[in-house]
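Student: See target_38.cif below, with mmCIF, C-alpha atoms.
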```cif
data_structure
loop_
_atom_site.label_atom_id
_atom_site.label_comp_id
_atom_site.auth_asym_id
_atom_site.auth_seq_id
_atom_site.Cartn_x
_atom_site.Cartn_y
_atom_site.Cartn_z
CA MET Q 159 10.99 -28.60 -57.67
CA THR Q 160 12.94 -28.22 -60.88
CA LEU Q 161 11.45 -26.31 -63.83
CA ALA Q 162 12.98 -26.80 -67.30
CA LEU Q 163 12.61 -23.90 -69.72
CA PRO Q 164 13.79 -23.69 -73.42
CA ILE Q 165 16.50 -21.06 -73.33
CA LYS Q 166 18.39 -20.12 -76.50
CA VAL Q 167 21.77 -18.57 -75.95
CA PRO Q 168 23.50 -17.22 -79.09
CA ALA Q 169 27.00 -18.40 -79.70
CA PRO Q 170 29.69 -15.76 -79.43
CA ARG Q 171 31.00 -14.28 -82.55
CA PRO Q 172 34.41 -15.27 -83.64
CA GLY Q 173 36.96 -13.14 -81.89
CA ALA Q 174 34.61 -12.16 -79.00
CA SER Q 175 36.41 -11.69 -75.76
CA ARG Q 176 36.43 -14.25 -73.00
CA LYS Q 177 34.81 -11.57 -70.76
CA VAL Q 178 31.66 -11.54 -72.84
CA ALA Q 179 31.48 -15.31 -72.74
CA ALA Q 180 31.83 -15.28 -68.98
CA LEU Q 181 29.00 -12.74 -68.63
CA ALA Q 182 26.76 -14.82 -70.82
CA GLY Q 183 27.47 -17.88 -68.68
CA ALA Q 184 26.61 -16.00 -65.51
CA ALA Q 185 23.33 -14.79 -66.98
CA LEU Q 186 22.45 -18.34 -67.97
CA ALA Q 187 23.20 -19.61 -64.45
CA LEU Q 188 20.99 -16.93 -62.94
CA MET Q 189 18.08 -17.74 -65.25
CA LEU Q 190 18.36 -21.42 -64.46
CA ALA Q 191 18.41 -20.71 -60.75
CA LEU Q 192 15.31 -18.53 -60.99
CA ALA Q 193 13.54 -21.07 -63.10
CA GLY Q 194 14.39 -23.97 -60.79
CA CYS Q 195 13.08 -22.62 -57.37
CA SER Q 196 9.77 -21.46 -55.97
CA PRO Q 197 8.82 -19.24 -52.89
CA ARG Q 198 8.62 -21.05 -49.51
CA ARG Q 199 6.56 -20.10 -46.36
CA VAL Q 200 8.42 -20.71 -43.06
CA MET Q 201 6.00 -21.64 -40.18
CA VAL Q 202 7.13 -20.23 -36.78
CA GLY Q 203 5.43 -21.43 -33.50
CA ASP Q 204 4.19 -19.23 -30.61
CA LEU Q 205 7.21 -17.58 -29.01
CA PRO Q 206 7.55 -17.54 -25.20
CA PRO Q 207 7.62 -14.23 -23.32
CA GLU Q 208 10.68 -12.55 -21.86
CA THR Q 209 11.05 -11.20 -18.31
CA SER Q 210 13.13 -8.38 -16.83
CA LEU Q 211 13.83 -7.71 -13.15
CA PHE Q 212 15.27 -4.68 -11.36
CA VAL Q 213 15.55 -3.30 -7.84
CA GLN Q 214 15.78 0.08 -6.12
CA PHE Q 215 19.47 -0.11 -5.38
CA PRO Q 216 22.36 -0.88 -7.80
CA SER Q 217 21.93 -4.19 -9.59
CA ASP Q 218 25.35 -5.44 -8.49
CA THR Q 219 23.96 -6.73 -5.20
CA VAL Q 220 25.98 -9.91 -5.26
CA ASN Q 221 28.88 -7.98 -3.77
CA HIS Q 222 26.77 -5.73 -1.57
CA THR Q 223 25.11 -6.88 1.62
CA VAL Q 224 21.69 -5.29 2.11
CA ASN Q 225 19.12 -5.54 4.85
CA HIS Q 226 16.43 -8.22 4.79
CA MET Q 227 13.83 -5.99 3.10
CA VAL Q 228 14.01 -5.01 -0.58
CA HIS Q 229 11.60 -3.63 -3.18
CA LEU Q 230 11.65 -5.63 -6.43
CA TYR Q 231 10.12 -4.64 -9.79
CA TRP Q 232 9.64 -6.71 -12.92
CA TYR Q 233 7.88 -6.65 -16.27
CA GLY Q 234 7.35 -8.98 -19.21
CA SER Q 235 7.18 -8.67 -23.01
CA ASP Q 236 5.79 -10.98 -25.70
CA ILE Q 237 6.41 -10.19 -29.38
CA ASP Q 238 3.51 -12.29 -30.63
CA GLY Q 239 0.99 -11.92 -27.81
CA GLU Q 240 0.61 -10.37 -24.40
CA VAL Q 241 1.76 -11.11 -20.87
CA VAL Q 242 -1.12 -11.99 -18.57
CA GLY Q 243 0.72 -12.73 -15.33
CA PHE Q 244 3.87 -13.82 -13.58
CA GLU Q 245 5.20 -16.56 -11.35
CA ALA Q 246 7.78 -15.76 -8.71
CA ARG Q 247 9.71 -17.66 -6.07
CA LEU Q 248 12.50 -17.14 -3.58
CA LEU Q 249 15.18 -19.79 -3.20
CA ASN Q 250 16.34 -19.07 0.34
CA PRO Q 251 18.89 -21.30 2.11
CA ALA Q 252 17.25 -20.27 5.39
CA ALA Q 253 13.90 -21.71 4.21
CA PRO Q 254 14.80 -24.65 1.94
CA THR Q 255 11.25 -26.04 1.78
CA ASP Q 256 9.77 -22.79 0.47
CA THR Q 257 10.62 -23.12 -3.24
CA GLN Q 258 7.22 -23.19 -4.98
CA TRP Q 259 6.28 -20.81 -7.80
CA ALA Q 260 3.50 -18.40 -6.82
CA PHE Q 261 1.27 -16.71 -9.40
CA THR Q 262 0.72 -12.96 -9.32
CA GLU Q 263 -0.52 -10.20 -11.58
CA ARG Q 264 1.52 -7.63 -9.68
CA ARG Q 265 4.68 -6.16 -11.14
CA ASP Q 266 6.45 -5.43 -7.86
CA SER Q 267 6.89 -6.77 -4.34
CA LEU Q 268 8.26 -5.44 -1.07
CA LEU Q 269 10.14 -8.57 -0.12
CA THR Q 270 10.86 -9.45 3.51
CA VAL Q 271 13.40 -12.25 3.62
CA TYR Q 272 13.43 -14.86 6.39
CA THR Q 273 16.83 -14.33 8.00
CA PRO Q 274 16.79 -16.06 11.42
CA ALA Q 275 20.58 -16.42 11.60
CA GLY Q 276 21.32 -12.77 10.79
CA SER Q 277 22.38 -13.33 7.18
CA THR Q 278 21.38 -15.36 4.12
CA SER Q 279 22.03 -15.42 0.36
CA PRO Q 280 18.76 -16.12 -1.47
CA VAL Q 281 17.96 -16.06 -5.20
CA PHE Q 282 14.78 -14.39 -6.43
CA GLU Q 283 13.28 -15.64 -9.72
CA VAL Q 284 10.33 -14.36 -11.72
CA ARG Q 285 8.96 -15.53 -15.09
CA SER Q 286 6.27 -14.14 -17.38
CA ILE Q 287 3.24 -16.08 -18.63
CA ASP Q 288 1.69 -15.15 -21.98
CA ASP Q 289 -1.91 -15.38 -23.18
CA ARG Q 290 -1.32 -18.91 -24.53
CA GLY Q 291 0.04 -20.19 -21.22
CA GLN Q 292 3.68 -20.20 -22.26
CA ARG Q 293 6.20 -19.42 -19.50
CA ASP Q 294 9.50 -17.68 -19.94
CA PRO Q 295 11.99 -20.61 -20.13
CA THR Q 296 14.76 -18.37 -18.81
CA PRO Q 297 13.32 -16.60 -15.73
CA ALA Q 298 14.83 -13.34 -14.60
CA ARG Q 299 16.87 -13.99 -11.46
CA GLN Q 300 18.81 -11.99 -8.92
CA LYS Q 301 21.06 -13.18 -6.10
CA PHE Q 302 21.28 -11.17 -2.88
CA ASP Q 303 23.37 -11.17 0.26
CA PHE Q 304 20.93 -10.15 3.00
CA SER Q 305 21.75 -9.16 6.56
CA ASN Q 306 19.39 -8.77 9.50
CA HIS Q 307 19.99 -7.03 12.82
CA PRO Q 308 17.95 -8.08 15.86
CA ALA Q 309 15.30 -5.85 17.35
CA VAL Q 310 16.23 -4.34 20.72
CA VAL Q 311 13.60 -4.35 23.50
CA THR Q 312 13.78 -1.99 26.48
CA ILE Q 313 11.42 -2.40 29.43
CA ALA Q 314 10.01 0.94 30.62
CA SER Q 315 9.61 1.81 34.33
CA ARG Q 316 11.01 -1.54 35.35
CA LEU Q 317 10.47 -3.01 38.79
CA HIS Q 318 13.46 -3.83 41.00
CA SER Q 319 14.25 -6.51 43.54
CA THR Q 320 13.14 -4.13 46.31
CA ASP Q 321 9.64 -3.82 44.78
CA THR Q 322 6.74 -6.09 45.72
CA THR Q 323 3.49 -7.02 43.98
CA PHE Q 324 0.91 -9.72 44.38
CA ALA Q 325 0.19 -12.04 41.45
CA SER Q 326 -0.27 -9.26 38.89
CA VAL Q 327 2.07 -6.93 37.07
CA THR Q 328 1.69 -4.40 34.27
CA VAL Q 329 4.74 -4.04 32.08
CA ASN Q 330 5.42 -1.89 28.99
CA TRP Q 331 8.39 -1.74 26.68
CA SER Q 332 9.77 0.05 23.63
CA VAL Q 333 11.52 -1.50 20.63
CA GLN Q 334 14.10 -0.40 18.09
CA ASP Q 335 14.61 -2.30 14.82
CA ALA Q 336 17.23 -0.64 12.62
CA ASP Q 337 16.47 -2.63 9.47
CA GLY Q 338 12.90 -3.91 9.78
CA ASP Q 339 9.26 -2.98 10.22
CA ALA Q 340 8.61 -2.50 13.94
CA SER Q 341 4.85 -2.92 13.42
CA LYS Q 342 5.42 -6.56 12.41
CA ILE Q 343 7.47 -7.58 15.44
CA LYS Q 344 6.22 -10.36 17.72
CA TYR Q 345 7.03 -10.42 21.42
CA PHE Q 346 7.48 -13.25 23.90
CA VAL Q 347 6.92 -12.65 27.61
CA TYR Q 348 7.98 -15.37 30.04
CA PHE Q 349 9.33 -16.08 33.52
CA ASP Q 350 12.58 -17.25 35.05
CA SER Q 351 14.31 -18.86 32.04
CA ALA Q 352 17.01 -16.67 30.53
CA GLY Q 353 18.42 -18.04 27.29
CA VAL Q 354 15.54 -20.41 26.58
CA ARG Q 355 13.83 -19.78 23.27
CA PRO Q 356 10.34 -18.63 24.34
CA ALA Q 357 8.52 -20.70 21.71
CA SER Q 358 9.44 -23.80 23.72
CA HIS Q 359 8.83 -22.27 27.15
CA ALA Q 360 5.74 -23.39 29.01
CA THR Q 361 4.78 -19.93 30.31
CA ALA Q 362 5.58 -17.85 27.22
CA LEU Q 363 2.96 -15.38 26.01
CA GLN Q 364 3.12 -14.26 22.38
CA LEU Q 365 2.04 -10.68 21.65
CA THR Q 366 2.07 -8.05 18.91
CA VAL Q 367 1.67 -5.07 21.28
CA THR Q 368 4.26 -3.36 23.49
CA GLY Q 369 2.71 -3.97 26.87
CA LEU Q 370 0.38 -6.12 28.95
CA THR Q 371 -0.91 -6.91 32.40
CA LEU Q 372 0.30 -10.42 33.08
CA PRO Q 373 -2.64 -12.64 34.13
CA SER Q 374 -2.54 -13.88 37.72
CA ALA Q 375 -2.61 -17.51 36.59
CA TYR Q 376 0.87 -17.15 35.09
CA PHE Q 377 2.31 -16.61 38.58
CA LYS Q 378 1.21 -20.01 39.83
CA GLU Q 379 3.75 -22.74 40.35
CA ALA Q 380 2.40 -26.28 40.56
CA GLY Q 381 -1.06 -24.72 40.84
CA VAL Q 382 -0.36 -22.46 43.83
CA TYR Q 383 0.95 -18.94 44.45
CA THR Q 384 4.36 -18.66 46.08
CA SER Q 385 6.34 -15.80 47.61
CA ARG Q 386 9.74 -15.31 45.99
CA LEU Q 387 11.78 -13.24 43.57
CA ARG Q 388 10.60 -13.59 39.98
CA THR Q 389 12.28 -12.52 36.74
CA LEU Q 390 10.20 -11.47 33.75
CA TYR Q 391 11.73 -11.47 30.26
CA VAL Q 392 10.56 -9.72 27.09
CA GLN Q 393 12.05 -10.85 23.78
CA ALA Q 394 11.40 -9.63 20.22
CA LEU Q 395 11.11 -11.72 17.05
CA ASP Q 396 11.47 -9.45 14.01
CA ASP Q 397 9.82 -9.79 10.61
CA GLY Q 398 12.91 -11.56 9.29
CA GLY Q 399 12.61 -14.34 11.87
CA LEU Q 400 15.57 -13.19 13.99
CA LEU Q 401 15.16 -13.46 17.77
CA GLY Q 402 16.76 -10.63 19.72
CA ALA Q 403 18.26 -10.67 23.19
CA PRO Q 404 15.71 -10.43 26.03
CA ASP Q 405 15.34 -7.53 28.43
CA SER Q 406 14.34 -8.42 31.98
CA MET Q 407 13.27 -7.16 35.37
CA LYS Q 408 13.37 -8.86 38.79
CA TRP Q 409 11.06 -8.14 41.72
CA PHE Q 410 9.43 -9.87 44.68
CA VAL Q 411 6.07 -11.53 44.07
CA ARG Q 412 4.03 -12.12 47.20
CA ALA Q 413 1.50 -14.89 47.68
CA PRO Q 414 -1.95 -13.53 48.62
CA VAL Q 415 -1.89 -15.33 51.99
CA THR Q 416 0.13 -18.03 53.69
CA GLY Q 417 -2.88 -20.33 53.79
CA SER Q 418 -5.04 -21.73 51.02
CA HIS Q 419 -7.98 -19.28 51.25
CA ALA Q 420 -7.46 -15.52 50.82
CA ARG Q 421 -10.32 -13.97 52.76
CA LEU Q 422 -9.27 -10.33 53.16
CA LEU Q 423 -6.77 -7.76 51.88
CA VAL Q 424 -6.25 -4.79 54.19
CA ILE Q 425 -4.72 -1.75 52.43
CA ASP Q 426 -3.08 0.74 54.79
CA ASP Q 427 -3.15 4.13 53.00
CA TYR Q 428 -2.44 6.15 56.16
CA PRO Q 429 1.29 7.01 56.47
CA SER Q 430 3.19 6.51 59.72
CA THR Q 431 3.96 10.24 59.78
CA GLN Q 432 0.29 11.03 60.51
CA PRO Q 433 -0.51 11.65 64.22
CA ALA Q 434 -3.36 9.12 64.40
CA ASN Q 435 -1.53 6.44 62.44
CA PHE Q 436 -1.21 3.99 65.34
CA THR Q 437 -4.91 4.29 66.18
CA PHE Q 438 -6.10 3.45 62.67
CA ASP Q 439 -3.53 0.70 62.12
CA THR Q 440 -4.53 -0.93 65.37
CA LEU Q 441 -8.23 -0.61 64.64
CA TYR Q 442 -8.15 -2.41 61.31
CA SER Q 443 -5.38 -4.90 61.96
CA ASN Q 444 -7.01 -5.94 65.24
CA ALA Q 445 -10.36 -6.30 63.46
CA ALA Q 446 -8.75 -8.76 61.03
CA ILE Q 447 -6.86 -10.63 63.74
CA ARG Q 448 -9.91 -11.01 65.95
CA ASN Q 449 -12.29 -12.12 63.23
CA LEU Q 450 -10.24 -14.16 60.76
CA PRO Q 451 -7.99 -17.20 61.13
CA ALA Q 452 -4.26 -16.66 60.73
CA GLY Q 453 -3.06 -17.15 57.16
CA THR Q 454 -6.32 -15.95 55.58
CA PHE Q 455 -5.63 -12.20 55.34
CA SER Q 456 -2.81 -9.87 54.25
CA ILE Q 457 -1.91 -6.25 55.01
CA LEU Q 458 -0.51 -4.03 52.26
CA ARG Q 459 1.11 -0.78 53.43
CA LEU Q 460 1.22 1.68 50.51
CA GLU Q 461 3.75 3.81 52.38
CA PHE Q 462 6.39 1.17 51.66
CA THR Q 463 5.32 -0.52 48.44
CA GLN Q 464 2.84 0.34 45.68
CA PRO Q 465 2.03 -2.66 43.45
CA PHE Q 466 -0.62 -1.09 41.23
CA ARG Q 467 0.46 0.18 37.80
CA SER Q 468 -2.92 -0.04 36.02
CA SER Q 469 -6.63 -0.62 36.61
CA ALA Q 470 -6.07 -4.21 35.51
CA ASP Q 471 -3.42 -4.62 38.23
CA LEU Q 472 -5.81 -3.39 40.87
CA GLU Q 473 -8.64 -5.58 39.60
CA GLN Q 474 -6.54 -8.75 39.41
CA THR Q 475 -5.01 -8.18 42.85
CA PHE Q 476 -8.41 -7.57 44.42
CA LYS Q 477 -9.79 -10.73 42.78
CA LEU Q 478 -7.25 -12.80 44.71
CA PHE Q 479 -9.32 -12.00 47.85
CA ASP Q 480 -12.95 -12.36 48.91
CA ALA Q 481 -12.98 -8.81 50.27
CA VAL Q 482 -10.80 -5.69 50.32
CA LEU Q 483 -10.60 -3.07 53.10
CA TRP Q 484 -8.89 0.22 52.17
CA TYR Q 485 -8.46 2.89 54.87
CA ARG Q 486 -7.10 6.45 54.54
CA GLY Q 487 -7.75 7.67 58.10
CA GLN Q 488 -7.87 11.42 58.52
CA ARG Q 489 -6.02 12.34 55.32
CA THR Q 490 -7.46 15.45 53.67
CA ASP Q 491 -6.08 14.75 50.21
CA TYR Q 492 -7.74 12.40 47.76
CA SER Q 493 -6.26 9.10 46.55
CA ARG Q 494 -4.71 9.47 43.13
CA LEU Q 495 -4.48 5.69 42.94
CA LEU Q 496 -8.21 5.23 43.40
CA GLN Q 497 -8.97 8.14 41.09
CA SER Q 498 -6.77 6.72 38.31
CA TYR Q 499 -7.68 3.05 38.71
CA GLN Q 500 -11.28 3.17 39.93
CA ASP Q 501 -12.35 1.14 36.89
CA GLY Q 502 -10.49 -1.78 38.48
CA VAL Q 503 -12.54 -1.38 41.66
CA GLY Q 504 -15.71 -1.31 39.57
CA ALA Q 505 -14.75 -4.51 37.72
CA TYR Q 506 -14.00 -6.24 41.03
CA LEU Q 507 -17.40 -5.26 42.42
CA ASP Q 508 -19.18 -6.31 39.23
CA ALA Q 509 -17.57 -9.73 39.59
CA GLY Q 510 -19.03 -10.13 43.10
CA GLY Q 511 -16.18 -8.77 45.22
CA LYS Q 512 -16.70 -6.87 48.48
CA PHE Q 513 -15.00 -3.52 49.02
CA TYR Q 514 -14.89 -1.29 52.10
CA VAL Q 515 -13.20 2.12 51.93
CA ASP Q 516 -12.67 4.55 54.81
CA GLY Q 517 -11.55 8.16 54.44
CA LEU Q 518 -12.36 11.77 53.69
CA TYR Q 519 -13.03 13.34 50.30
CA LEU Q 520 -13.97 10.01 48.77
CA VAL Q 521 -16.27 11.33 46.01
CA ASP Q 522 -15.62 14.43 43.93
CA GLY Q 523 -18.14 17.25 43.88
CA LEU Q 524 -18.54 20.84 42.77
CA ARG Q 525 -15.05 22.40 42.88
CA THR Q 526 -13.91 19.56 45.15
CA PRO Q 527 -11.88 16.62 43.87
CA GLY Q 528 -12.37 13.18 45.32
CA SER Q 529 -10.97 9.68 45.12
CA PHE Q 530 -13.95 8.53 43.03
CA ASP Q 531 -15.77 10.20 40.17
CA HIS Q 532 -19.28 11.30 41.19
CA ASN Q 533 -20.74 8.82 38.66
CA PHE Q 534 -18.94 5.90 40.30
#
```
The structure in this file should be written as structure tokens.

Tutor:
Amino acid sequence: MTLALPIKVPAPRPGASRKVAALAGAALALMLALAGCSPRRVMVGDLPPETSLFVQFPSDTVNHTVNHMVHLYWYGSDIDGEVVGFEARLLNPAAPTDTQWAFTERRDSLLTVYTPAGSTSPVFEVRSIDDRGQRDPTPARQKFDFSNHPAVVTIASRLHSTDTTFASVTVNWSVQDADGDASKIKYFVYFDSAGVRPASHATALQLTVTGLTLPSAYFKEAGVYTSRLRTLYVQALDDGGLLGAPDSMKWFVRAPVTGSHARLLVIDDYPSTQPANFTFDTLYSNAAIRNLPAGTFSILRLEFTQPFRSSADLEQTFKLFDAVLWYRGQRTDYSRLLQSYQDGVGAYLDAGGKFYVDGLYLVDGLRTPGSFDHNF
């Protein structure tokens, strides 16, 4: 818009200096400029928010390898509104399909990075969202070099090749994870296949606890129990997806009987050092031989091998047989095995099993310990 105004400028007097004339011309130019323009309002649209990201360790993590867990913090600002939430994602070469933005109102995250190969270099991005739905067009981002060390499993009180059990075993283990959360570790327990990833192994059990009694069914091969050396492996998968080396133990697993029907288990709890050992051994072994077909009963001599490591072991072993006969002869001490694992006997009886026990001091009483609690 141009506005014309009548402006009268007096002519300079004769002899006036050129400086005065120049000042008059400048004044005229200024007046014309002021007269020829008007104020303008500049319309500015809603501005997007900005996002900042920081971590607990120095920000120069590109040149520093850190473990696969890191605590991230972020915040957003919006000069013409407010930030109502965030979207975050992790671009991880080890998980290329996991690239979607995820909404959150949180301003921090303890990030556990999937690192199945032991190292990865992901990029974390986070962007703010304002109250008008605008997203930060330049998300805050941070690149990391993550490492991951495998968890180390150690079997406790391992069995050896000279040890024997029936189709049941209780095993416990400890674990050390130098750079992860041990409470989030998963374990695989499996037989006879060193070096095979357990997830693809037919007999693998997946657990989150550091021990179990392996079910009897897992000892079957082609549907039957066999007598041979077996190797059990325990392997840890940490929270970063890295599978550690397995720990193992090897021992002899004995079939319940040589035939197809396990009628009776005879447990000899009377050592050969006792004077009447031969009498009791003959009594009970002859009773089995005279009354049962060959291949339908087994004799377990606790003097030479002790297969029970828990009540569950005792229960599962007993359940392999129709009946169990346990004799202690003339021993004057009580059975610590029966005292510790009597719940297994009770579970076997509740399931319909038959149990015969011979010995002294079988039930505890006033000032007298026994193999069974008086409430049994």

Student: Using all atoms listed in the file, which residues sit within 7 Å of stretch 381-398 of chain Q once same-chain residues fewer than 5 positions away are excluded, as number ranges by chain?

Tutor: Q: 226, 270-274, 308-309, 311, 338-339, 342-350, 403-413

Student: Find the residues around Q:Leu495 up to 12 Å (all atoms listed in the file counted), leave out those fewer than 4 positions away in its own chain, and share them as a list in words.

Tutor: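 In the requested format, the answer is Asp427, Leu460, Gln464, Pro465, Phe466, Arg467, Ser468, Ser469, Asp471, Leu472, Trp484, Arg486, Asp491, Tyr499, Gln500, Asp501, Gly502, Val503, Leu520, Gly528, Ser529 and Phe530 of chain Q.
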
Student: Rounded to one decimal in Å, what is the spacing between atom CA of Q:Arg489 and atom CA of Q:Ala470?

Tutor: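 Separating atom CA of Q:Arg489 from atom CA of Q:Ala470 is a distance of 25.8 Å.
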
Student: Provide the atom CA of Q:Gln474 to atom CA of Q:Ser443 distance in Å, to one decimal place.

Tutor: 22.9 Å

Student: I'd like to know which of Q:Gly417, Q:Gly243, Q:Gly511, Q:Gly402 is closest to Q:Asp289, using only C-alpha atoms.

Tutor: Q:Gly243

Student: Using all atoms listed in the file, which protein or nucleic acid residues come within 9 Å of Q:Ser235? Drop anything in the same chain fewer than 6 positions from it, and give the result as a tab-separated table (two decimals) with C-alpha atoms, in the coordinates of the input.

Tutor:
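Output below, filename out-v7.tsv:
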```tsv
chain	number	residue	atom	x	y	z
Q	207	PRO	CA	7.62	-14.23	-23.32
Q	208	GLU	CA	10.68	-12.55	-21.86
Q	209	THR	CA	11.05	-11.20	-18.31
Q	210	SER	CA	13.13	-8.38	-16.83
Q	241	VAL	CA	1.76	-11.11	-20.87
Q	286	SER	CA	6.27	-14.14	-17.38
Q	288	ASP	CA	1.69	-15.15	-21.98
```

Student: Evaluate the PyMOL selection byres ((chain Q and resi 509) around 12) here and jot the selected residues down as a PDB file with C-alpha atoms, keeping the file's coordinate frame.

Tutor:
```pdb
ATOM      1  CA  GLU Q 473      -8.640  -5.580  39.600  1.00  0.00           C
ATOM      2  CA  GLN Q 474      -6.540  -8.750  39.410  1.00  0.00           C
ATOM      3  CA  PHE Q 476      -8.410  -7.570  44.420  1.00  0.00           C
ATOM      4  CA  LYS Q 477      -9.790 -10.730  42.780  1.00  0.00           C
ATOM      5  CA  LEU Q 478      -7.250 -12.800  44.710  1.00  0.00           C
ATOM      6  CA  PHE Q 479      -9.320 -12.000  47.850  1.00  0.00           C
ATOM      7  CA  ASP Q 480     -12.950 -12.360  48.910  1.00  0.00           C
ATOM      8  CA  ALA Q 481     -12.980  -8.810  50.270  1.00  0.00           C
ATOM      9  CA  GLY Q 502     -10.490  -1.780  38.480  1.00  0.00           C
ATOM     10  CA  VAL Q 503     -12.540  -1.380  41.660  1.00  0.00           C
ATOM     11  CA  GLY Q 504     -15.710  -1.310  39.570  1.00  0.00           C
ATOM     12  CA  ALA Q 505     -14.750  -4.510  37.720  1.00  0.00           C
ATOM     13  CA  TYR Q 506     -14.000  -6.240  41.030  1.00  0.00           C
ATOM     14  CA  LEU Q 507     -17.400  -5.260  42.420  1.00  0.00           C
ATOM     15  CA  ASP Q 508     -19.180  -6.310  39.230  1.00  0.00           C
ATOM     16  CA  GLY Q 510     -19.030 -10.130  43.100  1.00  0.00           C
ATOM     17  CA  GLY Q 511     -16.180  -8.770  45.220  1.00  0.00           C
ATOM     18  CA  LYS Q 512     -16.700  -6.870  48.480  1.00  0.00           C
ATOM     19  CA  PHE Q 513     -15.000  -3.520  49.020  1.00  0.00           C
TER      20      PHE Q 513
END
```

Student: Mind checking which residues fall within 6 Å of stretch 366-377 of chain Q, counting all atoms listed in the file, ignoring those fewer than 5 positions away in the same chain, and posting them as a list in words?

Tutor: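 Non-adjacent residues within range: Ala325, Ser326, Val327, Thr328, Val329, Asn330, Trp331 and Lys344 of chain Q.
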
Student: Restore all heavy atoms in stretch 338-343 of chain Q and list the result as a PDB file, in the coordinates of the input.

Tutor:
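Wrote selection-v4.pdb, looks like this:
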```pdb
ATOM      1  N   GLY Q 338      14.151  -3.180   9.986  1.00  0.00           N
ATOM      2  CA  GLY Q 338      12.900  -3.910   9.780  1.00  0.00           C
ATOM      3  C   GLY Q 338      11.690  -3.045  10.049  1.00  0.00           C
ATOM      4  O   GLY Q 338      11.795  -1.846  10.325  1.00  0.00           O
ATOM      5  N   ASP Q 339      10.528  -3.660   9.984  1.00  0.00           N
ATOM      6  CA  ASP Q 339       9.260  -2.980  10.220  1.00  0.00           C
ATOM      7  C   ASP Q 339       8.824  -3.283  11.649  1.00  0.00           C
ATOM      8  O   ASP Q 339       8.420  -4.405  11.963  1.00  0.00           O
ATOM      9  CB  ASP Q 339       8.217  -3.484   9.212  1.00  0.00           C
ATOM     10  CG  ASP Q 339       6.901  -2.726   9.301  1.00  0.00           C
ATOM     11  OD1 ASP Q 339       6.702  -2.003  10.290  1.00  0.00           O
ATOM     12  OD2 ASP Q 339       6.073  -2.862   8.387  1.00  0.00           O
ATOM     13  N   ALA Q 340       8.913  -2.287  12.521  1.00  0.00           N
ATOM     14  CA  ALA Q 340       8.610  -2.500  13.940  1.00  0.00           C
ATOM     15  C   ALA Q 340       7.166  -2.916  14.168  1.00  0.00           C
ATOM     16  O   ALA Q 340       6.861  -3.567  15.165  1.00  0.00           O
ATOM     17  CB  ALA Q 340       8.935  -1.230  14.730  1.00  0.00           C
ATOM     18  N   SER Q 341       6.263  -2.559  13.245  1.00  0.00           N
ATOM     19  CA  SER Q 341       4.850  -2.920  13.420  1.00  0.00           C
ATOM     20  C   SER Q 341       4.600  -4.407  13.204  1.00  0.00           C
ATOM     21  O   SER Q 341       3.536  -4.916  13.540  1.00  0.00           O
ATOM     22  CB  SER Q 341       3.983  -2.110  12.450  1.00  0.00           C
ATOM     23  OG  SER Q 341       4.231  -2.485  11.096  1.00  0.00           O
ATOM     24  N   LYS Q 342       5.583  -5.126  12.668  1.00  0.00           N
ATOM     25  CA  LYS Q 342       5.420  -6.560  12.410  1.00  0.00           C
ATOM     26  C   LYS Q 342       6.180  -7.432  13.408  1.00  0.00           C
ATOM     27  O   LYS Q 342       6.277  -8.643  13.232  1.00  0.00           O
ATOM     28  CB  LYS Q 342       5.882  -6.886  10.989  1.00  0.00           C
ATOM     29  CG  LYS Q 342       5.040  -6.216   9.909  1.00  0.00           C
ATOM     30  CD  LYS Q 342       5.535  -6.568   8.516  1.00  0.00           C
ATOM     31  CE  LYS Q 342       4.693  -5.891   7.441  1.00  0.00           C
ATOM     32  NZ  LYS Q 342       5.184  -6.197   6.075  1.00  0.00           N
ATOM     33  N   ILE Q 343       6.714  -6.822  14.450  1.00  0.00           N
ATOM     34  CA  ILE Q 343       7.470  -7.580  15.440  1.00  0.00           C
ATOM     35  C   ILE Q 343       6.522  -8.350  16.362  1.00  0.00           C
ATOM     36  O   ILE Q 343       5.461  -7.859  16.738  1.00  0.00           O
ATOM     37  CB  ILE Q 343       8.368  -6.636  16.265  1.00  0.00           C
ATOM     38  CG1 ILE Q 343       9.496  -6.100  15.372  1.00  0.00           C
ATOM     39  CG2 ILE Q 343       8.936  -7.321  17.493  1.00  0.00           C
ATOM     40  CD1 ILE Q 343      10.414  -5.122  16.074  1.00  0.00           C
TER      41      ILE Q 343
END
```
